[in-house]
Structure formats: C-alpha cells, structure tokens
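S.K.: Data: coords.pdb, PDB, C-alpha atoms, pLDDT in the B column.
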ATOM      1  CA  MET A  21     120.200 -34.521  78.103  1.00 46.00           C
ATOM      2  CA  SER A  22     121.344 -37.699  76.415  1.00 42.00           C
ATOM      3  CA  THR A  23     125.008 -38.611  76.882  1.00 51.00           C
ATOM      4  CA  ALA A  24     125.049 -41.008  73.908  1.00 81.00           C
ATOM      5  CA  PHE A  25     124.497 -38.187  71.430  1.00 91.00           C
ATOM      6  CA  THR A  26     126.526 -35.015  71.232  1.00 92.00           C
ATOM      7  CA  LEU A  27     126.679 -31.981  69.001  1.00 95.00           C
ATOM      8  CA  SER A  28     129.678 -29.765  68.466  1.00 96.00           C
ATOM      9  CA  LYS A  29     129.938 -26.721  70.699  1.00 96.00           C
ATOM     10  CA  GLU A  30     129.213 -24.560  67.637  1.00 97.00           C
ATOM     11  CA  ALA A  31     126.040 -26.512  66.857  1.00 97.00           C
ATOM     12  CA  GLU A  32     124.799 -26.257  70.434  1.00 96.00           C
ATOM     13  CA  GLU A  33     125.448 -22.515  70.403  1.00 97.00           C
ATOM     14  CA  PHE A  34     123.542 -22.301  67.111  1.00 97.00           C
ATOM     15  CA  VAL A  35     120.528 -24.056  68.651  1.00 97.00           C
ATOM     16  CA  LYS A  36     120.603 -21.737  71.669  1.00 96.00           C
ATOM     17  CA  SER A  37     120.828 -18.676  69.435  1.00 97.00           C
ATOM     18  CA  GLU A  38     117.878 -19.892  67.363  1.00 97.00           C
ATOM     19  CA  LEU A  39     115.792 -20.092  70.548  1.00 96.00           C
ATOM     20  CA  LYS A  40     116.348 -16.371  71.073  1.00 95.00           C
ATOM     21  CA  ARG A  41     115.686 -15.485  67.454  1.00 95.00           C
ATOM     22  CA  TYR A  42     111.976 -16.323  67.360  1.00 93.00           C
ATOM     23  CA  GLU A  43     108.931 -15.241  69.345  1.00 92.00           C
ATOM     24  CA  THR A  44     108.201 -18.874  70.165  1.00 94.00           C
ATOM     25  CA  THR A  45     110.804 -21.542  70.828  1.00 95.00           C
ATOM     26  CA  TYR A  46     108.908 -24.004  68.639  1.00 97.00           C
ATOM     27  CA  SER A  47     109.959 -21.965  65.599  1.00 97.00           C
ATOM     28  CA  ALA A  48     113.567 -23.008  66.286  1.00 98.00           C
ATOM     29  CA  ILE A  49     112.844 -26.715  65.735  1.00 98.00           C
ATOM     30  CA  ILE A  50     113.339 -26.765  61.955  1.00 98.00           C
ATOM     31  CA  PRO A  51     116.649 -24.862  61.878  1.00 98.00           C
ATOM     32  CA  SER A  52     117.904 -26.934  64.809  1.00 98.00           C
ATOM     33  CA  LEU A  53     117.062 -30.207  63.078  1.00 98.00           C
ATOM     34  CA  PHE A  54     118.796 -28.914  59.938  1.00 96.00           C
ATOM     35  CA  ARG A  55     121.877 -28.144  62.008  1.00 97.00           C
ATOM     36  CA  VAL A  56     121.918 -31.696  63.383  1.00 98.00           C
ATOM     37  CA  GLN A  57     121.560 -33.063  59.852  1.00 95.00           C
ATOM     38  CA  LYS A  58     124.307 -30.799  58.545  1.00 93.00           C
ATOM     39  CA  GLU A  59     126.681 -31.971  61.260  1.00 94.00           C
ATOM     40  CA  LYS A  60     125.776 -35.672  61.349  1.00 94.00           C
ATOM     41  CA  GLY A  61     124.502 -36.270  57.797  1.00 91.00           C
ATOM     42  CA  TRP A  62     121.148 -37.382  59.160  1.00 95.00           C
ATOM     43  CA  VAL A  63     118.992 -36.951  62.275  1.00 97.00           C
ATOM     44  CA  PRO A  64     119.576 -39.945  64.554  1.00 96.00           C
ATOM     45  CA  PRO A  65     116.788 -40.771  67.021  1.00 96.00           C
ATOM     46  CA  GLU A  66     119.132 -39.864  69.889  1.00 96.00           C
ATOM     47  CA  ALA A  67     119.195 -36.270  68.633  1.00 97.00           C
ATOM     48  CA  VAL A  68     115.595 -35.695  69.688  1.00 97.00           C
ATOM     49  CA  PRO A  69     116.051 -36.063  73.462  1.00 97.00           C
ATOM     50  CA  HIS A  70     119.310 -34.116  73.185  1.00 97.00           C
ATOM     51  CA  LEU A  71     117.568 -31.207  71.440  1.00 97.00           C
ATOM     52  CA  SER A  72     114.656 -31.456  73.855  1.00 97.00           C
ATOM     53  CA  GLY A  73     117.047 -30.950  76.753  1.00 96.00           C
ATOM     54  CA  ILE A  74     118.718 -27.945  75.158  1.00 96.00           C
ATOM     55  CA  MET A  75     115.542 -26.339  73.859  1.00 97.00           C
ATOM     56  CA  GLY A  76     113.118 -27.103  76.680  1.00 97.00           C
ATOM     57  CA  ILE A  77     110.653 -28.458  74.140  1.00 97.00           C
ATOM     58  CA  PRO A  78     108.939 -31.847  74.616  1.00 98.00           C
ATOM     59  CA  GLU A  79     110.403 -34.651  72.491  1.00 98.00           C
ATOM     60  CA  ALA A  80     106.955 -35.277  70.995  1.00 98.00           C
ATOM     61  CA  HIS A  81     106.897 -31.801  69.447  1.00 97.00           C
ATOM     62  CA  ILE A  82     110.360 -32.227  67.941  1.00 98.00           C
ATOM     63  CA  ASN A  83     109.387 -35.659  66.590  1.00 98.00           C
ATOM     64  CA  GLU A  84     106.217 -34.198  65.032  1.00 97.00           C
ATOM     65  CA  VAL A  85     108.360 -31.845  62.967  1.00 97.00           C
ATOM     66  CA  LEU A  86     111.056 -34.427  62.229  1.00 97.00           C
ATOM     67  CA  TYR A  87     108.612 -37.017  60.907  1.00 95.00           C
ATOM     68  CA  PHE A  88     106.298 -34.612  59.122  1.00 92.00           C
ATOM     69  CA  TYR A  89     108.946 -33.171  56.816  1.00 88.00           C
ATOM     70  CA  THR A  90     110.612 -35.432  54.267  1.00 82.00           C
ATOM     71  CA  MET A  91     113.621 -33.093  54.006  1.00 87.00           C
ATOM     72  CA  PHE A  92     115.087 -34.619  57.157  1.00 93.00           C
ATOM     73  CA  ASN A  93     117.065 -37.828  56.717  1.00 94.00           C
ATOM     74  CA  LYS A  94     115.896 -40.310  59.322  1.00 95.00           C
ATOM     75  CA  LYS A  95     118.561 -42.835  58.399  1.00 94.00           C
ATOM     76  CA  PRO A  96     122.157 -42.477  57.213  1.00 96.00           C
ATOM     77  CA  VAL A  97     122.757 -41.443  53.604  1.00 96.00           C
ATOM     78  CA  GLY A  98     125.854 -41.420  51.425  1.00 96.00           C
ATOM     79  CA  LYS A  99     128.201 -38.468  51.096  1.00 95.00           C
ATOM     80  CA  PHE A 100     126.175 -37.507  48.017  1.00 96.00           C
ATOM     81  CA  HIS A 101     122.437 -37.723  48.669  1.00 96.00           C
ATOM     82  CA  VAL A 102     120.930 -37.791  45.199  1.00 97.00           C
ATOM     83  CA  GLN A 103     117.225 -37.016  45.369  1.00 96.00           C
ATOM     84  CA  VAL A 104     115.487 -37.578  42.047  1.00 97.00           C
ATOM     85  CA  CYS A 105     112.145 -35.912  41.546  1.00 94.00           C
ATOM     86  CA  THR A 106     109.557 -38.461  40.409  1.00 93.00           C
ATOM     87  CA  ASN A 107     106.480 -36.272  40.644  1.00 91.00           C
ATOM     88  CA  ILE A 108     104.267 -35.819  37.578  1.00 92.00           C
ATOM     89  CA  SER A 109     106.286 -33.275  35.544  1.00 90.00           C
ATOM     90  CA  CYS A 110     109.593 -35.008  36.132  1.00 91.00           C
ATOM     91  CA  SER A 111     108.090 -38.466  35.582  1.00 93.00           C
ATOM     92  CA  MET A 112     106.556 -37.402  32.274  1.00 95.00           C
ATOM     93  CA  ASN A 113     109.989 -36.140  31.223  1.00 95.00           C
ATOM     94  CA  GLY A 114     111.990 -39.183  32.311  1.00 95.00           C
ATOM     95  CA  GLY A 115     112.374 -38.827  36.087  1.00 96.00           C
ATOM     96  CA  ARG A 116     111.613 -42.472  36.835  1.00 96.00           C
ATOM     97  CA  GLU A 117     114.038 -43.618  34.158  1.00 97.00           C
ATOM     98  CA  LEU A 118     116.628 -41.219  35.558  1.00 97.00           C
ATOM     99  CA  ALA A 119     116.255 -42.706  39.049  1.00 97.00           C
ATOM    100  CA  ASN A 120     116.460 -46.239  37.639  1.00 97.00           C
ATOM    101  CA  ALA A 121     119.614 -45.407  35.666  1.00 98.00           C
ATOM    102  CA  LEU A 122     121.313 -43.878  38.705  1.00 98.00           C
ATOM    103  CA  CYS A 123     120.399 -46.848  40.885  1.00 98.00           C
ATOM    104  CA  LYS A 124     121.778 -49.200  38.254  1.00 97.00           C
ATOM    105  CA  HIS A 125     124.968 -47.149  37.770  1.00 97.00           C
ATOM    106  CA  TYR A 126     125.705 -47.009  41.518  1.00 97.00           C
ATOM    107  CA  ASN A 127     124.419 -50.556  42.136  1.00 97.00           C
ATOM    108  CA  VAL A 128     121.921 -49.480  44.796  1.00 97.00           C
ATOM    109  CA  LYS A 129     118.237 -49.756  45.458  1.00 97.00           C
ATOM    110  CA  ASP A 130     116.173 -46.693  46.324  1.00 95.00           C
ATOM    111  CA  GLY A 131     117.354 -45.276  49.652  1.00 94.00           C
ATOM    112  CA  GLU A 132     120.431 -47.509  49.968  1.00 96.00           C
ATOM    113  CA  ILE A 133     124.008 -46.317  50.380  1.00 97.00           C
ATOM    114  CA  SER A 134     126.476 -47.432  47.711  1.00 97.00           C
ATOM    115  CA  GLY A 135     129.185 -49.895  48.737  1.00 96.00           C
ATOM    116  CA  ASP A 136     131.805 -47.138  48.867  1.00 96.00           C
ATOM    117  CA  GLY A 137     129.555 -44.984  51.067  1.00 96.00           C
ATOM    118  CA  LYS A 138     129.460 -42.171  48.536  1.00 96.00           C
ATOM    119  CA  VAL A 139     125.968 -42.235  47.037  1.00 97.00           C
ATOM    120  CA  THR A 140     122.371 -42.668  48.131  1.00 97.00           C
ATOM    121  CA  VAL A 141     119.682 -42.363  45.466  1.00 97.00           C
ATOM    122  CA  SER A 142     116.214 -41.451  46.735  1.00 96.00           C
ATOM    123  CA  ARG A 143     113.009 -40.931  44.787  1.00 95.00           C
ATOM    124  CA  VAL A 144     111.234 -37.873  46.127  1.00 93.00           C
ATOM    125  CA  GLU A 145     108.138 -35.870  45.465  1.00 88.00           C
ATOM    126  CA  CYS A 146     108.160 -32.428  43.908  1.00 88.00           C
ATOM    127  CA  LEU A 147     111.347 -30.427  44.268  1.00 90.00           C
ATOM    128  CA  GLY A 148     109.709 -27.392  42.699  1.00 90.00           C
ATOM    129  CA  SER A 149     111.510 -27.364  39.368  1.00 91.00           C
ATOM    130  CA  CYS A 150     108.772 -28.560  37.024  1.00 91.00           C
ATOM    131  CA  GLY A 151     109.826 -26.325  34.118  1.00 93.00           C
ATOM    132  CA  THR A 152     113.296 -27.898  34.061  1.00 94.00           C
ATOM    133  CA  ALA A 153     112.288 -31.536  34.469  1.00 94.00           C
ATOM    134  CA  PRO A 154     113.712 -34.036  35.011  1.00 96.00           C
ATOM    135  CA  MET A 155     115.970 -32.918  37.797  1.00 96.00           C
ATOM    136  CA  MET A 156     117.817 -34.084  40.863  1.00 97.00           C
ATOM    137  CA  GLN A 157     118.997 -32.487  44.055  1.00 96.00           C
ATOM    138  CA  VAL A 158     122.483 -33.508  45.152  1.00 96.00           C
ATOM    139  CA  ASN A 159     122.837 -32.513  48.787  1.00 92.00           C
ATOM    140  CA  ASP A 160     121.860 -28.808  48.534  1.00 89.00           C
ATOM    141  CA  GLN A 161     122.450 -28.346  44.796  1.00 95.00           C
ATOM    142  CA  TYR A 162     119.745 -28.511  42.114  1.00 95.00           C
ATOM    143  CA  ILE A 163     120.772 -29.994  38.767  1.00 97.00           C
ATOM    144  CA  GLU A 164     118.135 -29.670  36.072  1.00 96.00           C
ATOM    145  CA  ASN A 165     117.291 -30.616  32.460  1.00 96.00           C
ATOM    146  CA  LEU A 166     118.849 -34.038  32.862  1.00 96.00           C
ATOM    147  CA  THR A 167     119.306 -37.212  30.907  1.00 96.00           C
ATOM    148  CA  PRO A 168     120.690 -40.277  32.672  1.00 97.00           C
ATOM    149  CA  GLU A 169     124.042 -39.765  30.948  1.00 97.00           C
ATOM    150  CA  LEU A 170     124.237 -36.103  31.933  1.00 98.00           C
ATOM    151  CA  ALA A 171     123.254 -36.906  35.530  1.00 97.00           C
ATOM    152  CA  ILE A 172     126.029 -39.497  35.834  1.00 97.00           C
ATOM    153  CA  LYS A 173     128.505 -37.048  34.289  1.00 97.00           C
ATOM    154  CA  LYS A 174     127.488 -34.309  36.746  1.00 97.00           C
ATOM    155  CA  LEU A 175     127.787 -36.681  39.702  1.00 97.00           C
ATOM    156  CA  LYS A 176     131.258 -37.764  38.583  1.00 97.00           C
ATOM    157  CA  GLU A 177     132.262 -34.089  38.363  1.00 97.00           C
ATOM    158  CA  LEU A 178     131.138 -33.686  41.983  1.00 96.00           C
ATOM    159  CA  GLY A 179     133.241 -36.673  43.022  1.00 95.00           C
ATOM    160  CA  ALA A 180     130.522 -39.300  43.319  1.00 93.00           C
TER     161      ALA A 180
END
Give the structure from the file, written as structure tokens.
M.R.:
Amino acid sequence: MSTAFTLSKEAEEFVKSELKRYETTYSAIIPSLFRVQKEKGWVPPEAVPHLSGIMGIPEAHINEVLYFYTMFNKKPVGKFHVQVCTNISCSMNGGRELANALCKHYNVKDGEISGDGKVTVSRVECLGSCGTAPMMQVNDQYIENLTPELAIKKLKELGA
C-alpha cells in the first residue's frame, strides 16, 4: 500500500465492507472510487495503488474504471463543481451560453478552479435532464430550467 496517500479509517472500512457486499470484488470499484472522491474532492493517481492494496485488485482494473467514467474527477476541482450539460437538448436551449456566462462570471476557463478556490465550471455530456434543459449539476444537486442569471443566483445562494 502507498504511504503517500491515505484515506480516513471510516473510508477504509467502507471500502472493505463494499468488498463483502458483492459477489465479485470488482463490483466494489465504483463505490470505492466515489468514496475517495467524496473524501478528497477528486481521485488522485496515488489513490489507485492504495485501493489496489486494500481491495486485492490489480491497479490496471481500477484505472480502467477510473478513466472510463467521466463522473470521477481526475484533477482537483473547486468546492462547487458546476457541471453544465452541453449535449444536444441543453445546447439547443442555451447550455453553451450558460457555460460561457458562468465561466465569464467566475473568471475561469472550462475545467479551471476560480481564484478563490470555490468554483470549477465543466462542460459535460448528457446529465439526463433533457426535458428541463438547460441545466447544471452542482456537486450532487441538479438545477434545471436555467438562464445564466438564474444559474448565477442559485450558485450565490449555495455560497459560490
């Protein structure tokens, strides 16, 4: 196990309990990566050998899952990770303009962390809310039927 990376005792116990929960240990990879992300804000590369040691799963298999799914942050993000859907339905209803307005308001480029460390704006593919486009996901919360002004207002209400 890597000594440079550590998880809380609670997180390590969570990972171990997930290993017992499924018929195959490989099924515990996704919830374990989510737990790392929840605790650290992202999944640092050092987390993979650490999880491999705990789970008894080759690093390559953990990396396959980590890099296949876009829901895992592979680099640090702000306290508020604002993911703006820019897929077809959202784009046709102003999703691109929404992302541009948020980037301008927080003075960031796509994927960057704002100077105060609070906000990262990311353009993402479908978030599964086509009927309420455009929308954004702020951390784990969906906020739908947005205009740029409403999005900024909602983010301010959250403390961003």
S.K.: List every protein, DNA or RNA residue with an atom no more than 12 Å from (120.2, -26.3, 42.3) in the file's coordinates, counting all atoms listed in the file, and format the result as a PyMOL selection string.
M.R.: chain A and resi 102-103+147-149+152+155-165
S.K.: Which is closest to Tyr87 (chain A) among A:Ile50, A:Leu118, A:Ala153, A:Ile108, if we use all atoms listed in the file?
M.R.: A:Ile50
S.K.: Applying 10 Å and all atoms listed in the file, which residues near Ser134 (chain A) remain after dropping the ones on its own chain fewer than 4 positions away? List them as a list in words.
M.R.: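 These residues fall inside the cut-off: Val97, Gly98, Lys99, Phe100, Cys123, Tyr126, Asn127, Val128, Lys129, Lys138, Val139, Thr140 and Val141 of chain A.
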S.K.: What's around Asn107 (chain A) at 8 Å? Count only C-alpha atoms, leave out sequence neighbours fewer than 4 positions away in its own chain, and write the answer as a PDB file with C-alpha atoms, keeping the file's coordinate frame.
M.R.:
ATOM      1  CA  SER A 111     108.090 -38.466  35.582  1.00 93.00           C
ATOM      2  CA  GLY A 115     112.374 -38.827  36.087  1.00 96.00           C
ATOM      3  CA  VAL A 144     111.234 -37.873  46.127  1.00 93.00           C
ATOM      4  CA  GLU A 145     108.138 -35.870  45.465  1.00 88.00           C
ATOM      5  CA  CYS A 146     108.160 -32.428  43.908  1.00 88.00           C
TER       6      CYS A 146
END
S.K.: Report as a ChimeraX atom specification all protein, DNA and RNA residues lying within 12 Å of Glu59 (chain A), evaluated on only C-alpha atoms, omitting residues in the same chain fewer than 2 positions from it.
M.R.: /A:26-32,34,52-57,61-64,67
S.K.: Might you spell out which residues the PyMOL selection byres ((chain A and resi 69) around 9) would select in the displayed file, as a ChimeraX atom specification?
M.R.: /A:21-22,25,65-68,70-74,78-79,82
S.K.: For the residues selected in the previous step, produce a file with C-alpha atoms as a PDB file, in the coordinates of the input.
M.R.:
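What ended up in result_11.pdb:
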ATOM      1  CA  MET A  21     120.200 -34.521  78.103  1.00 46.00           C
ATOM      2  CA  SER A  22     121.344 -37.699  76.415  1.00 42.00           C
ATOM      3  CA  PHE A  25     124.497 -38.187  71.430  1.00 91.00           C
ATOM      4  CA  PRO A  65     116.788 -40.771  67.021  1.00 96.00           C
ATOM      5  CA  GLU A  66     119.132 -39.864  69.889  1.00 96.00           C
ATOM      6  CA  ALA A  67     119.195 -36.270  68.633  1.00 97.00           C
ATOM      7  CA  VAL A  68     115.595 -35.695  69.688  1.00 97.00           C
ATOM      8  CA  HIS A  70     119.310 -34.116  73.185  1.00 97.00           C
ATOM      9  CA  LEU A  71     117.568 -31.207  71.440  1.00 97.00           C
ATOM     10  CA  SER A  72     114.656 -31.456  73.855  1.00 97.00           C
ATOM     11  CA  GLY A  73     117.047 -30.950  76.753  1.00 96.00           C
ATOM     12  CA  ILE A  74     118.718 -27.945  75.158  1.00 96.00           C
ATOM     13  CA  PRO A  78     108.939 -31.847  74.616  1.00 98.00           C
ATOM     14  CA  GLU A  79     110.403 -34.651  72.491  1.00 98.00           C
ATOM     15  CA  ILE A  82     110.360 -32.227  67.941  1.00 98.00           C
TER      16      ILE A  82
END
